[in-house]
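Enquirer: This is the structure I have questions about; it appears just below.
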Amino acid sequence: MFYIDDRKPFVTFLVEGRLFRVHRYLFELESEVFKSMFEIPQGDTTVEGETDESPIILPSVTVAEMETLLNFFYFRQGLEEVEFSEANWRDLLSISHRYECDRARKRSIKEINDLNPPVDNADMVAMSRKFEVEEWLLPACVALVERQDPLSYTEAEKLGLSMTVLLSEAREKYIQSPAHNQQPNENATRLVKEVLHIS
């Protein structure tokens, strides 16, 4: 059964002071969070999102994230290939994670995986933890532990204090291990799992 409620074909969002009036059905189709948001009873008052005077406010979302999500939705409906920059894919991952847009999230993860040159390992660790992409955490941590150079100040800022301390501990154990020259990746992987309590 195909049915689009054309009584409310559009919805208005407010993001960082900018209004976006867009097709409501795209958000219902792509996100359970938005779909549930639209179904919340409003009582006798003006329904949020129906007019520019009563938009749905999306806190903590940036204009860049919203524009990227809309580009993804609309290009995808037209079956056109999406050409995004690394920053665009990061923005898409951020907003799709927050609002559970599964298709956008999966696509952004795939595209970030395939970037050439690859994303910096410290960024991969930070994004893995922030956006719950578990597959990124272990490989990126292992790469940081087994490389020759220590963590830089910039990397420590990205990782945060606790992760920096844990990876530094794993690096120290790795360097001191008599077996690290014979089986470097295997040894580093074991130590990272041990220190970060990854199964």
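Every chain in the structure tokens has a letter given in the order shown (A, B, ...), and although residue numbers restart at 1 in each chain, ligands are simply numbered from 1 in the order shown.
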Please return, as a ChimeraX atom specification, all residues of chain A that DSSP assigns to helix (DSSP H, G or I) on the basis of the backbone.
Expert: /A:24-30,32-39,63-77,86-98,102-113,121-131,134-146,153-159,161-176,184-196
Enquirer: What's around A:Gln148 at 10 Å? Count only C-alpha atoms, leave out sequence neighbours fewer than 3 positions away in its own chain, and write the answer as a PDB file with all heavy atoms, in the first residue's frame.
Expert:
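Output file out-v7.pdb follows:
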```
ATOM      1  N   ALA A 143      46.933   0.800  15.215  1.00  0.00           N
ATOM      2  CA  ALA A 143      47.842   1.577  14.363  1.00  0.00           C
ATOM      3  C   ALA A 143      48.571   2.653  15.165  1.00  0.00           C
ATOM      4  O   ALA A 143      49.767   2.910  14.949  1.00  0.00           O
ATOM      5  CB  ALA A 143      47.055   2.217  13.219  1.00  0.00           C
ATOM      6  N   LEU A 144      47.889   3.279  16.109  1.00  0.00           N
ATOM      7  CA  LEU A 144      48.516   4.310  16.940  1.00  0.00           C
ATOM      8  C   LEU A 144      49.516   3.711  17.925  1.00  0.00           C
ATOM      9  O   LEU A 144      50.527   4.336  18.247  1.00  0.00           O
ATOM     10  CB  LEU A 144      47.437   5.083  17.710  1.00  0.00           C
ATOM     11  CG  LEU A 144      46.533   5.999  16.880  1.00  0.00           C
ATOM     12  CD1 LEU A 144      45.387   6.539  17.730  1.00  0.00           C
ATOM     13  CD2 LEU A 144      47.325   7.156  16.271  1.00  0.00           C
ATOM     14  N   VAL A 145      49.240   2.504  18.379  1.00  0.00           N
ATOM     15  CA  VAL A 145      50.119   1.853  19.353  1.00  0.00           C
ATOM     16  C   VAL A 145      51.395   1.325  18.709  1.00  0.00           C
ATOM     17  O   VAL A 145      52.497   1.471  19.252  1.00  0.00           O
ATOM     18  CB  VAL A 145      49.371   0.697  20.070  1.00  0.00           C
ATOM     19  CG1 VAL A 145      50.338  -0.207  20.817  1.00  0.00           C
ATOM     20  CG2 VAL A 145      48.339   1.276  21.033  1.00  0.00           C
ATOM     21  N   LEU A 151      52.199   9.691  20.456  1.00  0.00           N
ATOM     22  CA  LEU A 151      51.025  10.524  20.221  1.00  0.00           C
ATOM     23  C   LEU A 151      51.399  12.000  20.315  1.00  0.00           C
ATOM     24  O   LEU A 151      52.144  12.405  21.209  1.00  0.00           O
ATOM     25  CB  LEU A 151      49.932  10.208  21.249  1.00  0.00           C
ATOM     26  CG  LEU A 151      49.323   8.812  21.183  1.00  0.00           C
ATOM     27  CD1 LEU A 151      48.406   8.586  22.381  1.00  0.00           C
ATOM     28  CD2 LEU A 151      48.556   8.610  19.887  1.00  0.00           C
ATOM     29  N   ARG A 171      51.025   1.551  24.442  1.00  0.00           N
ATOM     30  CA  ARG A 171      52.271   1.777  23.688  1.00  0.00           C
ATOM     31  C   ARG A 171      53.494   1.404  24.522  1.00  0.00           C
ATOM     32  O   ARG A 171      54.435   0.795  24.025  1.00  0.00           O
ATOM     33  CB  ARG A 171      52.368   3.250  23.258  1.00  0.00           C
ATOM     34  CG  ARG A 171      51.652   3.580  21.968  1.00  0.00           C
ATOM     35  CD  ARG A 171      51.826   5.053  21.600  1.00  0.00           C
ATOM     36  NE  ARG A 171      53.238   5.422  21.514  1.00  0.00           N
ATOM     37  CZ  ARG A 171      54.000   5.195  20.444  1.00  0.00           C
ATOM     38  NH1 ARG A 171      53.503   4.576  19.384  1.00  0.00           N
ATOM     39  NH2 ARG A 171      55.260   5.573  20.436  1.00  0.00           N
ATOM     40  N   ILE A 175      56.163  -1.425  23.485  1.00  0.00           N
ATOM     41  CA  ILE A 175      57.584  -1.149  23.259  1.00  0.00           C
ATOM     42  C   ILE A 175      58.463  -2.040  24.141  1.00  0.00           C
ATOM     43  O   ILE A 175      59.523  -2.511  23.721  1.00  0.00           O
ATOM     44  CB  ILE A 175      57.885   0.344  23.527  1.00  0.00           C
ATOM     45  CG1 ILE A 175      57.200   1.208  22.454  1.00  0.00           C
ATOM     46  CG2 ILE A 175      59.387   0.610  23.535  1.00  0.00           C
ATOM     47  CD1 ILE A 175      57.232   2.696  22.758  1.00  0.00           C
TER      48      ILE A 175
END
```
Enquirer: Given the choices A:Met124, A:Ala170, A:Val11, A:Leu19, which gets closest to A:Ile109 if the distance is worked out from only C-alpha atoms?
Expert: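 For A:Ile109, the nearest of the given residues is A:Met124.
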Enquirer: Please provide as a PyMOL selection string all residues within 10 Å of A:Asp52, with the sequence filter that same-chain residues fewer than 5 positions apart are discarded (counting only C-alpha atoms).
Expert: chain A and resi 11-14+19-21
Enquirer: Save out the residues we just selected, C-alpha atoms, as a compact mmCIF listing (two decimals), in the first residue's frame.
Expert:
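The resulting result-v3.txt:
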```txt
# COMPACT_ATOMS: atom_id res chain seq x y z
CA VAL A 11 7.65 20.45 7.48
CA THR A 12 9.67 23.42 8.68
CA PHE A 13 12.85 23.02 10.74
CA LEU A 14 14.93 25.70 12.42
CA LEU A 19 14.59 27.84 8.28
CA PHE A 20 14.35 24.69 6.15
CA ARG A 21 10.94 23.88 4.62
```
Enquirer: Could you give me, as a PyMOL selection string, the residues within 6 Å of stretch 87-99 of chain A, counting only C-alpha atoms and dropping anything in the same chain fewer than 3 positions from it?
Expert: chain A and resi 33+65+69+84+104-105+108
Enquirer: Using C-alpha atoms, can you export the residues from the last selection as a PDB file, in the first residue's frame?
Expert:
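Final output, saved to out_4.pdb:
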```
ATOM      1  CA  VAL A  33      13.199   9.451  15.252  1.00  0.00           C
ATOM      2  CA  GLU A  65      24.875  18.859   8.659  1.00  0.00           C
ATOM      3  CA  LEU A  69      21.391  15.319   4.999  1.00  0.00           C
ATOM      4  CA  PHE A  84      30.450  14.564  -1.124  1.00  0.00           C
ATOM      5  CA  ALA A 104      22.547   7.620   5.524  1.00  0.00           C
ATOM      6  CA  ARG A 105      24.612   6.317   8.432  1.00  0.00           C
ATOM      7  CA  SER A 108      28.642   7.597   5.372  1.00  0.00           C
TER       8      SER A 108
END
```
